[in-house]
Amino acid sequence: MVHEQFTGQHRRVGRAAAWGVSLLLIAYLVTLILGFLSLASPLDPIGDPYFSILELLIVIIAPLMVIVMIAVHAYASPEGRMYSLTALAFMVILAGISCSVHFVILTVSRQIDAGGFPLIILFLSFEWPSVVYALDILAWDVFFALSMLFAAPVFSMGRLEKTLRVLMILSGVLSLAGLIGVPLANMNIRNIGIIGYAGISIVVFLLLGIVFGRARRIPGEER
């Protein structure tokens with residue numbers, strides 16, 4: 001199948017962004033595990049330097065995911081472009097919310113906390129319930145999940161694309177499943193979503209890079 005809208009630039013940038021997301025997600029998981037291992041109690045929040053590294057990684061990862069979805073939209077067939085455009089829109093919303101939340105946490109929250117504001121935990125703390133925690137859940141458990149589920153139908157040709165589609169659906173479903181922890185006020189259950197958007201998605205973005213690289217070129221197009 002020739003992807004007429006998928007140029008060499010889409011291929012190169014999309015593949016680099018997809019593999020970049022995959023590598024950064026691995027770094028995120030390793031940092032997260034080290035952060036958890038550093039805790040005296042599982043109920044304690046992750047401290048620095050692990051917490052700051054996690055925040056910075058998310059600020060980098062989210063825009064790269066948008067670039068990947070732009071490539072997905074260019075890759076899609078005419079029949080699948082409605083789904084790919086919807087997936088791109090949801091990923092843009094995710095990036096906007098998530099980058100705003102984590103940049104504020106990295107910068108403003110620490111200065112306010114140092115000023116001795118007792119109500120800071122209700123707004124700028126990753127202890128449930130708080131405003132930034134709710135926004136983070138909205139970004140990753142809702143909009144990331146929807147982006148994956150809408151992008152999945154784009155990929156249906158051959159074994160590799162079908163495998164990618166299944167993993168996208170699984171990543172999206174698990175991310176949505178994390179929402180169960182919200183009405184139960186149980187963030188351990190909510191962590192199911194992490195498996196979807198920070199676990200399975202590692203393989204999703206790795207495969208996306210491979211799929212982009214294998215896309216048939218338009219006749220006459222330079223590498």
# chains A, B, ... in the order shown; residues from 1 in each chain; ligands from 1
call {"tool": "select_by_dssp", "arguments": {"residues": "range 66-204 of chain A", "states": "helix (DSSP H, G or I)", "output": "JSON, numbers by chain"}}
result
{"A": [66, 67, 68, 69, 70, 71, 72, 73, 74, 75, 78, 79, 80, 81, 82, 83, 84, 85, 86, 87, 88, 89, 90, 91, 92, 93, 94, 95, 96, 97, 98, 99, 100, 101, 102, 103, 104, 105, 106, 108, 109, 110, 111, 112, 113, 114, 118, 119, 120, 121, 122, 123, 124, 131, 132, 133, 134, 135, 136, 137, 138, 139, 140, 141, 142, 143, 144, 145, 146, 147, 148, 149, 150, 151, 152, 153, 154, 158, 159, 160, 161, 162, 163, 164, 165, 166, 167, 168, 169, 170, 171, 172, 173, 174, 175, 176, 177, 178, 179, 180, 181, 187, 188, 189, 190, 192, 193, 194, 195, 196, 197, 198, 199, 200, 201, 202, 203, 204]}
call {"tool": "closest_atom_pairs", "arguments": {"of": "range 155-219 of chain A", "to": "range 59-82 of chain A", "cutoff": "10 Å", "atoms": "only C-alpha atoms", "output": "JSON lines"}}
result
{"residue": "A:Phe155", "atom": "CA", "partner": "A:Ala76", "partner_atom": "CA", "distance": 7.9}
{"residue": "A:Phe205", "atom": "CA", "partner": "A:Val68", "partner_atom": "CA", "distance": 8.3}
{"residue": "A:Leu208", "atom": "CA", "partner": "A:Val68", "partner_atom": "CA", "distance": 8.3}
{"residue": "A:Gly209", "atom": "CA", "partner": "A:Val68", "partner_atom": "CA", "distance": 8.8}
{"residue": "A:Val211", "atom": "CA", "partner": "A:Tyr75", "partner_atom": "CA", "distance": 9.5}
{"residue": "A:Phe212", "atom": "CA", "partner": "A:Tyr75", "partner_atom": "CA", "distance": 7.8}
{"residue": "A:Ala215", "atom": "CA", "partner": "A:Tyr75", "partner_atom": "CA", "distance": 8.1}
call {"tool": "residues_around", "arguments": {"residues": "Trp140 in chain A", "least_positions_apart": "5", "cutoff": "8 Å", "atoms": "only C-alpha atoms", "output": "ChimeraX atom specification"}}
result
/A:94,98,145,175,193,197
call {"tool": "closest_residue", "arguments": {"among": "A:Ile169, A:Asp44, A:Leu206, A:Ala18", "to": "Phe126 in chain A", "atoms": "only C-alpha atoms"}}
result
A:Asp44
call {"tool": "atom_distance", "arguments": {"atom1": "CA of Arg12 in chain A", "atom2": "CA of Met91 in chain A"}}
result
20.0 Å
call {"tool": "residues_around", "arguments": {"residues": "Ala151 in chain A", "least_positions_apart": "3", "cutoff": "7 Å", "atoms": "only C-alpha atoms", "output": "NGL selection string"}}
result
:A and (83-84 or 87 or 147-148 or 154)
call {"tool": "write_last_selection", "arguments": {"atoms": "C-alpha atoms", "output": "compact mmCIF listing (two decimals), in the first residue's frame"}}
result
# COMPACT_ATOMS: atom_id res chain seq x y z
CA TYR A 83 -9.69 8.17 13.24
CA SER A 84 -6.12 9.42 12.96
CA ALA A 87 -6.28 10.50 17.80
CA SER A 147 -5.77 8.64 21.37
CA MET A 148 -4.56 5.04 21.33
CA VAL A 154 -5.32 3.04 11.14
call {"tool": "closest_residue", "arguments": {"among": "A:Ala198, A:Leu88, A:Phe6, A:Val173", "to": "Leu57 in chain A", "atoms": "only C-alpha atoms"}}
result
A:Ala198
call {"tool": "atom_distance", "arguments": {"atom1": "CA of Met187 in chain A", "atom2": "CA of Leu138 in chain A"}}
result
13.8 Å
call {"tool": "atom_distance", "arguments": {"atom1": "CA of Asp136 in chain A", "atom2": "CA of Arg165 in chain A"}}
result
25.1 Å
call {"tool": "residues_around", "arguments": {"residues": "Ala134 in chain A", "least_positions_apart": "5", "cutoff": "12 Å", "atoms": "only C-alpha atoms", "output": "number ranges by chain"}}
result
A: 97-98, 101, 122-129, 139-142, 179, 181-183, 185, 187, 190
